[in-house]
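Coordinates from structure-v4.cif are shown below (mmCIF, C-alpha atoms).
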data_upload
loop_
_atom_site.group_PDB
_atom_site.id
_atom_site.type_symbol
_atom_site.label_atom_id
_atom_site.label_comp_id
_atom_site.auth_asym_id
_atom_site.auth_seq_id
_atom_site.Cartn_x
_atom_site.Cartn_y
_atom_site.Cartn_z
ATOM 1 C CA MET A 219 120.145 74.964 90.657
ATOM 2 C CA LYS A 220 121.174 74.714 94.347
ATOM 3 C CA LEU A 221 124.378 76.649 93.632
ATOM 4 C CA THR A 222 122.370 79.337 91.813
ATOM 5 C CA LYS A 223 120.016 79.704 94.785
ATOM 6 C CA PHE A 224 122.921 79.818 97.224
ATOM 7 C CA LEU A 225 124.741 82.523 95.226
ATOM 8 C CA PHE A 226 121.488 84.489 94.876
ATOM 9 C CA MET A 227 120.909 84.488 98.622
ATOM 10 C CA LEU A 228 124.573 85.203 99.375
ATOM 11 C CA ASN A 229 124.358 88.276 97.159
ATOM 12 C CA LYS A 230 121.110 89.269 98.889
ATOM 13 C CA PHE A 231 122.748 89.016 102.319
ATOM 14 C CA TYR A 232 125.773 91.031 101.123
ATOM 15 C CA THR A 233 123.473 93.696 99.692
ATOM 16 C CA ASP A 234 121.486 93.671 102.926
ATOM 17 C CA ILE A 235 124.533 94.452 105.037
ATOM 18 C CA LYS A 236 125.284 97.487 102.865
ATOM 19 C CA GLN A 237 121.771 98.918 103.287
ATOM 20 C CA PRO A 238 121.718 102.431 104.792
ATOM 21 C CA LYS A 239 120.390 102.631 108.356
ATOM 22 C CA SER A 240 117.563 104.903 107.222
ATOM 23 C CA ARG A 241 115.913 103.226 104.219
ATOM 24 C CA TYR A 242 114.006 106.245 102.873
ATOM 25 C CA GLU A 243 113.656 109.934 103.656
ATOM 26 C CA LEU A 244 110.185 110.675 105.016
ATOM 27 C CA CYS A 245 107.791 113.330 103.714
ATOM 28 C CA SER A 246 105.957 115.334 106.394
ATOM 29 C CA ASN A 247 103.434 117.101 104.133
ATOM 30 C CA HIS A 248 100.080 115.332 104.469
ATOM 31 C CA SER A 249 97.739 117.959 103.027
ATOM 32 C CA SER A 250 94.847 117.273 100.655
ATOM 33 C CA THR A 251 97.184 117.849 97.704
ATOM 34 C CA LEU A 252 99.174 114.691 97.029
ATOM 35 C CA ASP A 253 102.728 115.643 96.224
ATOM 36 C CA TYR A 254 105.638 113.586 97.575
ATOM 37 C CA TYR A 255 104.733 110.122 98.835
ATOM 38 C CA TYR A 256 105.265 109.217 102.512
ATOM 39 C CA PHE A 257 108.665 107.778 101.561
ATOM 40 C CA ILE A 258 110.828 109.619 99.036
ATOM 41 C CA PHE A 259 111.602 107.186 96.218
ATOM 42 C CA ASP A 260 114.543 108.212 94.046
ATOM 43 C CA GLU A 261 114.054 107.349 90.387
ATOM 44 C CA LYS A 262 117.760 106.956 89.597
ATOM 45 C CA ARG A 263 118.295 104.523 92.491
ATOM 46 C CA LEU A 264 115.256 102.474 91.509
ATOM 47 C CA SER A 265 116.164 102.370 87.820
ATOM 48 C CA LYS A 266 119.600 101.021 88.728
ATOM 49 C CA GLY A 267 118.010 98.305 90.869
ATOM 50 C CA LYS A 268 119.385 99.633 94.171
ATOM 51 C CA ASP A 269 116.021 99.517 95.959
ATOM 52 C CA GLN A 270 114.248 96.987 93.718
ATOM 53 C CA LYS A 271 116.693 94.233 92.814
ATOM 54 C CA LEU A 272 114.179 92.294 90.722
ATOM 55 C CA ILE A 273 113.648 95.016 88.105
ATOM 56 C CA SER A 274 115.093 93.434 84.977
ATOM 57 C CA ARG A 275 114.017 95.823 82.220
ATOM 58 C CA PHE A 276 111.493 98.475 81.167
ATOM 59 C CA ASP A 277 108.919 98.292 78.376
ATOM 60 C CA GLU A 278 108.376 100.927 75.676
ATOM 61 C CA ASN A 279 106.302 103.066 78.074
ATOM 62 C CA GLY A 280 108.895 103.002 80.838
ATOM 63 C CA ILE A 281 106.928 100.449 82.880
ATOM 64 C CA PRO A 282 109.270 98.111 84.806
ATOM 65 C CA ILE A 283 109.218 94.343 84.313
ATOM 66 C CA ASN A 284 110.433 92.179 87.200
ATOM 67 C CA SER A 285 112.408 88.986 87.278
ATOM 68 C CA THR A 286 110.456 86.520 89.403
ATOM 69 C CA TYR A 287 111.485 85.204 92.832
ATOM 70 C CA ILE A 288 114.199 82.538 93.024
ATOM 71 C CA ASP A 289 111.694 79.785 93.908
ATOM 72 C CA VAL A 290 109.323 80.516 90.986
ATOM 73 C CA GLU A 291 109.698 77.992 88.170
ATOM 74 C CA ASP A 292 106.648 78.627 85.982
ATOM 75 C CA LYS A 293 107.815 81.960 84.511
ATOM 76 C CA SER A 294 110.832 84.248 84.521
ATOM 77 C CA TYR A 295 109.400 87.754 84.091
ATOM 78 C CA VAL A 296 106.245 89.503 85.235
ATOM 79 C CA TYR A 297 104.554 92.895 85.456
ATOM 80 C CA PHE A 298 104.541 93.386 89.226
ATOM 81 C CA PRO A 299 102.001 96.073 90.259
ATOM 82 C CA ILE A 300 103.797 96.779 93.556
ATOM 83 C CA THR A 301 107.049 97.612 91.749
ATOM 84 C CA ILE A 302 105.236 99.508 89.003
ATOM 85 C CA GLY A 303 103.610 101.673 91.654
ATOM 86 C CA GLN A 304 106.933 102.390 93.370
ATOM 87 C CA VAL A 305 108.662 103.370 90.133
ATOM 88 C CA GLY A 306 105.616 105.452 89.158
ATOM 89 C CA LEU A 307 105.815 107.364 92.437
ATOM 90 C CA ALA A 308 109.550 107.880 91.896
ATOM 91 C CA VAL A 309 108.823 109.333 88.441
ATOM 92 C CA PHE A 310 106.227 111.608 90.079
ATOM 93 C CA HIS A 311 108.910 112.763 92.530
ATOM 94 C CA THR A 312 111.138 113.580 89.547
ATOM 95 C CA TYR A 313 108.257 115.574 88.052
ATOM 96 C CA LEU A 314 107.760 117.538 91.281
ATOM 97 C CA LYS A 315 111.355 118.831 91.231
ATOM 98 C CA ILE A 316 111.000 120.983 88.099
ATOM 99 C CA LYS A 317 107.491 120.138 86.843
ATOM 100 C CA ASN A 318 108.341 119.805 83.173
ATOM 101 C CA GLU A 319 105.888 118.393 80.650
ATOM 102 C CA LEU A 320 108.058 115.411 79.717
ATOM 103 C CA ASP A 321 108.117 114.078 83.279
ATOM 104 C CA GLU A 322 104.373 114.655 83.618
ATOM 105 C CA CYS A 323 103.783 112.610 80.463
ATOM 106 C CA ARG A 324 106.056 109.857 81.757
ATOM 107 C CA PHE A 325 104.126 109.727 85.026
ATOM 108 C CA LEU A 326 100.743 109.649 83.284
ATOM 109 C CA LYS A 327 101.832 106.457 81.511
ATOM 110 C CA PHE A 328 101.925 104.824 84.946
ATOM 111 C CA VAL A 329 98.484 106.247 85.736
ATOM 112 C CA ASP A 330 97.169 104.776 82.501
ATOM 113 C CA TRP A 331 98.870 101.445 83.173
ATOM 114 C CA PHE A 332 96.881 101.074 86.403
ATOM 115 C CA TYR A 333 93.727 102.317 84.711
ATOM 116 C CA ASN A 334 94.038 99.977 81.712
ATOM 117 C CA ASN A 335 95.254 96.884 83.601
ATOM 118 C CA ALA A 336 92.645 96.804 86.340
ATOM 119 C CA GLU A 337 90.467 93.737 86.763
ATOM 120 C CA ILE A 338 86.970 95.109 87.356
ATOM 121 C CA SER A 339 83.933 93.274 88.701
ATOM 122 C CA GLU A 340 80.762 94.277 90.506
ATOM 123 C CA LYS A 341 81.556 91.910 93.396
ATOM 124 C CA SER A 342 85.279 92.501 93.906
ATOM 125 C CA GLY A 343 85.565 96.085 92.701
ATOM 126 C CA VAL A 344 88.911 96.969 91.119
ATOM 127 C CA ARG A 345 91.953 94.750 91.626
ATOM 128 C CA TRP A 346 95.455 94.553 90.164
ATOM 129 C CA MET A 347 96.464 90.927 89.934
ATOM 130 C CA THR A 348 100.019 89.595 89.885
ATOM 131 C CA ASP A 349 100.198 86.709 87.432
ATOM 132 C CA VAL A 350 102.832 84.513 89.029
ATOM 133 C CA SER A 351 102.854 81.798 91.682
ATOM 134 C CA LEU A 352 103.816 82.240 95.355
ATOM 135 C CA PRO A 353 105.474 78.885 96.187
ATOM 136 C CA ALA A 354 106.276 79.801 99.806
ATOM 137 C CA TYR A 355 102.588 80.436 100.509
ATOM 138 C CA LYS A 356 101.296 77.727 98.135
ATOM 139 C CA ASN A 357 99.337 80.189 96.008
ATOM 140 C CA PRO A 358 99.528 79.170 92.317
ATOM 141 C CA GLY A 359 98.495 82.683 91.203
ATOM 142 C CA PRO A 360 97.371 85.021 89.937
ATOM 143 C CA TRP A 361 96.933 86.757 93.295
ATOM 144 C CA GLN A 362 95.505 89.991 94.604
ATOM 145 C CA SER A 363 97.415 92.168 97.076
ATOM 146 C CA ALA A 364 96.530 94.975 99.472
ATOM 147 C CA PHE A 365 99.966 96.445 98.729
ATOM 148 C CA ALA A 366 99.205 96.506 94.989
ATOM 149 C CA GLN A 367 95.793 98.073 95.720
ATOM 150 C CA SER A 368 97.487 100.763 97.761
ATOM 151 C CA ARG A 369 100.000 101.585 95.054
ATOM 152 C CA GLY A 370 97.264 101.726 92.416
ATOM 153 C CA ILE A 371 95.198 104.121 94.531
ATOM 154 C CA SER A 372 98.189 106.400 95.189
ATOM 155 C CA ILE A 373 99.069 106.572 91.481
ATOM 156 C CA LEU A 374 95.483 107.077 90.277
ATOM 157 C CA LEU A 375 94.744 109.852 92.769
ATOM 158 C CA ARG A 376 97.852 111.762 91.742
ATOM 159 C CA GLY A 377 96.754 111.317 88.143
ATOM 160 C CA TYR A 378 93.324 112.659 89.087
ATOM 161 C CA GLN A 379 94.781 115.750 90.730
ATOM 162 C CA LEU A 380 97.055 116.385 87.750
ATOM 163 C CA THR A 381 94.386 115.973 85.064
ATOM 164 C CA HIS A 382 91.110 116.549 86.978
ATOM 165 C CA ASP A 383 89.788 113.491 85.153
ATOM 166 C CA MET A 384 87.208 111.826 87.408
ATOM 167 C CA LYS A 385 87.709 108.415 85.802
ATOM 168 C CA TYR A 386 90.914 108.049 87.826
ATOM 169 C CA SER A 387 89.335 108.969 91.170
ATOM 170 C CA ASP A 388 86.332 106.744 90.416
ATOM 171 C CA MET A 389 88.639 103.790 89.844
ATOM 172 C CA ALA A 390 90.581 104.582 93.017
ATOM 173 C CA LYS A 391 87.323 104.471 94.971
ATOM 174 C CA LYS A 392 86.463 101.040 93.541
ATOM 175 C CA ALA A 393 89.962 99.864 94.486
ATOM 176 C CA LEU A 394 88.970 100.291 98.146
ATOM 177 C CA ILE A 395 86.304 97.558 97.879
ATOM 178 C CA PRO A 396 88.729 94.583 98.229
ATOM 179 C CA PHE A 397 89.848 95.951 101.618
ATOM 180 C CA SER A 398 86.355 95.225 102.947
ATOM 181 C CA LYS A 399 86.395 91.602 101.754
ATOM 182 C CA LYS A 400 88.208 88.577 103.120
ATOM 183 C CA VAL A 401 90.814 86.845 100.995
ATOM 184 C CA SER A 402 88.610 83.784 100.343
ATOM 185 C CA GLU A 403 86.042 86.105 98.737
ATOM 186 C CA GLY A 404 88.594 87.736 96.445
ATOM 187 C CA GLY A 405 89.469 90.515 98.875
ATOM 188 C CA VAL A 406 92.788 91.446 100.429
ATOM 189 C CA THR A 407 91.954 91.302 104.142
ATOM 190 C CA SER A 408 92.457 88.662 106.810
ATOM 191 C CA PHE A 409 90.047 89.278 109.678
ATOM 192 C CA THR A 410 92.174 88.272 112.657
ATOM 193 C CA LYS A 411 91.765 88.344 116.442
ATOM 194 C CA TRP A 412 93.703 91.626 116.354
ATOM 195 C CA GLY A 413 91.419 93.126 113.709
ATOM 196 C CA PRO A 414 91.516 93.525 109.895
ATOM 197 C CA PHE A 415 94.973 92.867 108.455
ATOM 198 C CA TYR A 416 95.631 94.012 104.878
ATOM 199 C CA GLU A 417 97.635 91.302 103.132
ATOM 200 C CA GLU A 418 100.576 91.935 100.815
ATOM 201 C CA TYR A 419 100.528 88.233 99.901
ATOM 202 C CA THR A 420 97.147 86.523 99.829
ATOM 203 C CA ALA A 421 96.954 82.790 100.523
ATOM 204 C CA GLY A 422 94.802 80.087 102.097
ATOM 205 C CA LEU A 423 96.067 81.118 105.547
ATOM 206 C CA PRO A 424 96.874 84.639 106.804
ATOM 207 C CA THR A 425 100.444 85.583 105.857
ATOM 208 C CA LEU A 426 100.543 88.795 107.954
ATOM 209 C CA VAL A 427 103.585 90.487 106.373
ATOM 210 C CA LEU A 428 104.315 93.588 108.468
ATOM 211 C CA ASN A 429 105.875 95.895 105.885
ATOM 212 C CA GLY A 430 103.146 95.111 103.341
ATOM 213 C CA MET A 431 100.424 95.965 105.849
ATOM 214 C CA ILE A 432 102.005 99.347 106.580
ATOM 215 C CA PHE A 433 102.495 100.170 102.902
ATOM 216 C CA SER A 434 98.862 99.176 102.284
ATOM 217 C CA LEU A 435 97.681 101.869 104.691
ATOM 218 C CA CYS A 436 99.483 104.559 102.686
ATOM 219 C CA GLY A 437 97.165 104.284 99.675
ATOM 220 C CA ILE A 438 94.086 104.246 101.904
ATOM 221 C CA TYR A 439 95.337 107.343 103.686
ATOM 222 C CA ASP A 440 95.956 109.072 100.338
ATOM 223 C CA TYR A 441 92.260 108.522 99.621
ATOM 224 C CA VAL A 442 91.314 109.933 103.047
ATOM 225 C CA ARG A 443 93.395 113.037 102.333
ATOM 226 C CA VAL A 444 91.793 113.680 98.949
ATOM 227 C CA PHE A 445 88.254 112.745 100.045
ATOM 228 C CA PRO A 446 88.128 113.413 103.821
ATOM 229 C CA ASP A 447 84.353 112.931 103.973
ATOM 230 C CA ASP A 448 84.543 109.354 102.674
ATOM 231 C CA ILE A 449 83.448 107.305 105.692
ATOM 232 C CA ILE A 450 84.504 103.918 104.280
ATOM 233 C CA ALA A 451 88.069 105.022 103.561
ATOM 234 C CA ARG A 452 88.417 106.516 107.046
ATOM 235 C CA GLN A 453 87.057 103.320 108.637
ATOM 236 C CA LEU A 454 89.490 101.187 106.626
ATOM 237 C CA PHE A 455 92.417 103.348 107.698
ATOM 238 C CA ASP A 456 91.429 103.535 111.369
ATOM 239 C CA GLY A 457 90.710 99.796 111.445
ATOM 240 C CA GLY A 458 94.159 99.006 110.046
ATOM 241 C CA ILE A 459 95.905 101.338 112.491
ATOM 242 C CA ASN A 460 94.071 99.755 115.437
ATOM 243 C CA THR A 461 95.121 96.301 114.230
ATOM 244 C CA LEU A 462 98.763 97.365 114.061
ATOM 245 C CA ILE A 463 98.631 98.786 117.576
ATOM 246 C CA LYS A 464 97.449 95.410 118.884
ATOM 247 C CA ILE A 465 99.602 93.136 116.736
ATOM 248 C CA LEU A 466 102.982 94.927 116.809
ATOM 249 C CA PRO A 467 104.279 93.089 119.911
ATOM 250 C CA GLU A 468 103.876 89.783 118.035
ATOM 251 C CA TYR A 469 106.657 90.821 115.630
ATOM 252 C CA ASP A 470 109.251 91.392 118.361
ATOM 253 C CA LEU A 471 111.722 88.506 118.778
ATOM 254 C CA GLY A 472 113.450 90.322 121.620
ATOM 255 C CA PHE A 473 116.598 90.854 119.551
ATOM 256 C CA TRP A 474 115.106 91.391 116.064
ATOM 257 C CA SER A 475 111.790 91.737 114.224
ATOM 258 C CA LYS A 476 109.785 89.111 112.329
ATOM 259 C CA TYR A 477 109.010 89.466 108.624
ATOM 260 C CA ASN A 478 105.593 87.837 108.962
ATOM 261 C CA LEU A 479 103.387 85.769 111.280
ATOM 262 C CA TYR A 480 102.510 83.026 108.813
ATOM 263 C CA GLU A 481 101.485 79.753 110.468
ATOM 264 C CA ALA A 482 101.420 76.681 108.220
ATOM 265 C CA ASP A 483 102.763 73.144 108.617
ATOM 266 C CA TRP A 484 105.216 73.550 105.741
ATOM 267 C CA TYR A 485 106.420 77.013 106.777
ATOM 268 C CA PRO A 486 109.159 77.825 109.340
ATOM 269 C CA SER A 487 107.865 78.708 112.805
ATOM 270 C CA ILE A 488 109.901 81.931 112.765
ATOM 271 C CA ASP A 489 110.736 83.970 109.668
ATOM 272 C CA PRO A 490 112.913 86.893 110.790
ATOM 273 C CA ALA A 491 113.212 90.082 108.780
ATOM 274 C CA THR A 492 116.407 90.564 106.802
ATOM 275 C CA ILE A 493 118.564 93.577 107.683
ATOM 276 C CA GLY A 494 116.884 95.553 104.895
ATOM 277 C CA TYR A 495 113.412 94.797 106.233
ATOM 278 C CA GLN A 496 114.468 95.435 109.846
ATOM 279 C CA ARG A 497 115.522 98.929 108.784
ATOM 280 C CA LEU A 498 112.422 99.356 106.646
ATOM 281 C CA HIS A 499 110.260 98.490 109.676
ATOM 282 C CA VAL A 500 111.985 101.290 111.610
ATOM 283 C CA THR A 501 111.369 103.809 108.819
ATOM 284 C CA GLN A 502 107.747 102.733 108.396
ATOM 285 C CA LEU A 503 106.984 102.906 112.104
ATOM 286 C CA ASN A 504 108.506 106.375 112.320
ATOM 287 C CA MET A 505 106.228 107.354 109.428
ATOM 288 C CA LEU A 506 103.174 106.004 111.282
ATOM 289 C CA TYR A 507 104.176 107.900 114.418
ATOM 290 C CA GLN A 508 104.474 111.067 112.331
ATOM 291 C CA LEU A 509 101.073 110.353 110.790
ATOM 292 C CA THR A 510 99.091 109.365 113.886
ATOM 293 C CA GLY A 511 101.030 110.609 116.917
ATOM 294 C CA ASN A 512 100.538 107.222 118.589
ATOM 295 C CA GLU A 513 103.486 106.501 120.890
ATOM 296 C CA ILE A 514 103.489 102.741 120.250
ATOM 297 C CA PHE A 515 104.851 103.317 116.753
ATOM 298 C CA LYS A 516 107.742 105.397 118.091
ATOM 299 C CA GLU A 517 108.349 102.815 120.829
ATOM 300 C CA TYR A 518 108.758 99.947 118.349
ATOM 301 C CA ALA A 519 110.681 102.070 115.840
ATOM 302 C CA ASP A 520 113.214 102.824 118.577
ATOM 303 C CA LYS A 521 113.234 99.203 119.768
ATOM 304 C CA PHE A 522 113.849 97.743 116.296
ATOM 305 C CA ARG A 523 116.500 100.399 115.594
ATOM 306 C CA LYS A 524 118.426 99.515 118.764
ATOM 307 C CA GLN A 525 118.229 95.797 117.883
ATOM 308 C CA ASP A 526 120.117 96.481 114.627
ATOM 309 C CA THR A 527 123.603 95.396 115.707
ATOM 310 C CA HIS A 528 126.140 93.097 114.059
ATOM 311 C CA PHE A 529 125.764 90.555 116.869
ATOM 312 C CA ASN A 530 121.971 90.450 116.536
ATOM 313 C CA ALA A 531 122.249 90.281 112.744
ATOM 314 C CA LEU A 532 124.382 87.145 113.065
ATOM 315 C CA LYS A 533 121.756 85.605 115.365
ATOM 316 C CA MET A 534 119.099 86.487 112.807
ATOM 317 C CA TYR A 535 121.062 84.986 109.891
ATOM 318 C CA LYS A 536 121.420 81.692 111.750
ATOM 319 C CA ILE A 537 117.624 81.440 111.942
ATOM 320 C CA LYS A 538 117.142 82.862 108.436
ATOM 321 C CA PHE A 539 119.421 80.232 106.933
ATOM 322 C CA SER A 540 117.231 77.439 108.368
ATOM 323 C CA THR A 541 114.134 79.293 107.194
ATOM 324 C CA LEU A 542 115.381 79.585 103.618
ATOM 325 C CA LYS A 543 116.433 75.925 103.511
ATOM 326 C CA LYS A 544 112.967 74.806 104.617
ATOM 327 C CA LEU A 545 111.408 77.023 101.935
ATOM 328 C CA GLY A 546 113.677 75.568 99.240
ATOM 329 C CA ARG A 547 115.392 78.868 98.563
ATOM 330 C CA LEU A 548 118.817 77.478 99.454
#

Would you kindly transcribe this structure into structure tokens?
Amino acid sequence: MKLTKFLFMLNKFYTDIKQPKSRYELCSNHSSTLDYYYFIFDEKRLSKGKDQKLISRFDENGIPINSTYIDVEDKSYVYFPITIGQVGLAVFHTYLKIKNELDECRFLKFVDWFYNNAEISEKSGVRWMTDVSLPAYKNPGPWQSAFAQSRGISILLRGYQLTHDMKYSDMAKKALIPFSKKVSEGGVTSFTKWGPFYEEYTAGLPTLVLNGMIFSLCGIYDYVRVFPDDIIARQLFDGGINTLIKILPEYDLGFWSKYNLYEADWYPSIDPATIGYQRLHVTQLNMLYQLTGNEIFKEYADKFRKQDTHFNALKMYKIKFSTLKKLGRL
């Protein structure tokens, strides 16, 4: 088992080093019509596992099924809403190129997956749960995720604009409800001293994963674009942006960026981003600068980009190795 984990992480590091400097091409069209997503996902790359290594197979409707993380022992495969949303958006990008009926039908299967697999309650609204444990954060699962909520909203709203079926937009609206609730109440938000933080991974303590927070804002902003008069959606988006403005300096190690700000006795004091996530942070922050015009996002995008050197990567890996050993991933 230890050898398997070591080889898994060695392969991950090797793959990391080969990551392109710019993780995704950005889309600059932010009109009320939702076409390309903020990051251009390529379906062929995703299907081959180049951007989502854990995709292991696809079901009869083309919905991806993930292998679980290396430290998960209770199951081997899972429907992972975050990945399903990314592949669905990539299929939508394929559809946009020539707009043929076959690609539209393929995309609508993703819309229906989110519609049919939603957990709905009067208290929590609509949530997409991931039915697997999170050993690193001591969450036995299933768990809700702001990132999954965001992906569901983005897929449903594109389905709504394609079909004009209000059931999709109605569900997207209910998917905003968990953003107003704290994690302990079934929501996806940690209310921190910096402001509301939308959690990719929910747990007993705030996990504060940077890339997941930024991706979470994309779905909320999609809703703002389609329904600009919705006060709640605008407040959720503005609140998240203000939190990022205040919290961004906390992720700067001086030579590299942090993956999260999780503080627990069993967790490493510093968990640096891998090379792939360092570069993703740069791309995401450039996207936020494009979206908001706030200079702090450009400042940290430039800072994290300049930190991306071989020397700094070696410093990061030294810390990351200790981190992974403490988490039982090596």

Q: May I ask which of the residues A:Asp447, A:Phe325, A:Ser351, A:Asn279 is the closest one to Tyr295 in chain A, counting all atoms listed in the file?
A: A:Ser351

(Q) Need the shell around His499 in chain A: protein/DNA/RNA residues with any atom at most 10 Å away, counting only C-alpha atoms. Skip same-chain ones fewer than 6 positions apart. Format as JSON, numbers by chain? (A) {"A": [241, 428, 429, 432, 475, 476, 477, 491, 493, 505, 518, 519, 522, 523]}

Q: Please evaluate the PyMOL selection byres ((chain A and resi 486) around 9) against the structure above and give the resulting residues as a list in words.
A: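 Those residues are Tyr480, Glu481, Ala482, Asp483, Trp484, Tyr485, Ser487, Ile488, Asp489, Ser540, Thr541, Leu542, Lys544 and Leu545 of chain A.
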
For the residues in the current selection, export C-alpha atoms as an mmCIF file, in the coordinates of the input.
data_model
loop_
_atom_site.group_PDB
_atom_site.id
_atom_site.type_symbol
_atom_site.label_atom_id
_atom_site.label_comp_id
_atom_site.auth_asym_id
_atom_site.auth_seq_id
_atom_site.Cartn_x
_atom_site.Cartn_y
_atom_site.Cartn_z
ATOM 1 C CA TYR A 480 102.510 83.026 108.813
ATOM 2 C CA GLU A 481 101.485 79.753 110.468
ATOM 3 C CA ALA A 482 101.420 76.681 108.220
ATOM 4 C CA ASP A 483 102.763 73.144 108.617
ATOM 5 C CA TRP A 484 105.216 73.550 105.741
ATOM 6 C CA TYR A 485 106.420 77.013 106.777
ATOM 7 C CA SER A 487 107.865 78.708 112.805
ATOM 8 C CA ILE A 488 109.901 81.931 112.765
ATOM 9 C CA ASP A 489 110.736 83.970 109.668
ATOM 10 C CA SER A 540 117.231 77.439 108.368
ATOM 11 C CA THR A 541 114.134 79.293 107.194
ATOM 12 C CA LEU A 542 115.381 79.585 103.618
ATOM 13 C CA LYS A 544 112.967 74.806 104.617
ATOM 14 C CA LEU A 545 111.408 77.023 101.935
#

Q. For Lys385 in chain A, which residue among A:Asn334, A:Asn504, A:Thr420, A:Ser250 is the nearest when counting only C-alpha atoms?
A.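 That would be A:Asn334, the residue with the smallest distance to Lys385 in chain A.
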
Test item: axis-aligned box, all listed atoms of range 388-398 of chain A, 4 Å on each side, centre and edges in Å rounded to one decimal, as AutoDock Vina command-line options:
--center_x 88.4 --center_y 100.7 --center_z 96.4 --size_x 12.3 --size_y 20.2 --size_z 21.1

Q: Run the PyMOL selection byres ((chain A and resi 401) around 10) against the file shown and list the residues it catches, as a count of residues only.
A: 24

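A straight line drawn from CA of Phe259 in chain A to CA of Ser387 in chain A is 22.9 Å long.
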
Q. For Tyr378 in chain A, which of A:Thr251, A:Met347, A:Pro446, A:Glu513 is the closest residue, counting only C-alpha atoms?
A.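 Ranked by minimum distance to Tyr378 in chain A, first place goes to A:Thr251.
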
Q: Around the point (93.9, 108.8, 88.0), in the coordinates given by the file, pick out the residues reaching within 6 Å, counting all atoms listed in the file, and return them as a count of residues only.
A: 7

**Q.** Computed interatomic separation between CA of Ile258 in chain A and CA of Leu307 in chain A (Å)
**A.** 8.6 Å

Q: Dump as a ChimeraX atom specification all residues having an atom at most 12 Å from (93.0, 99.8, 117.1), computed in the file's coordinates with all atoms listed in the file.
A: /A:411-415,453-466,510,512,514

(Q) At a cut-off of 12 Å, using all atoms listed in the file, what residues contact Lys391 in chain A? Leave out same-chain residues fewer than 3 positions from it and give the result as an NGL selection string. (A) :A and (343-345 or 367-368 or 370-372 or 374-375 or 378 or 384-388 or 394-397 or 437-438 or 440-442 or 444-445 or 448-451)
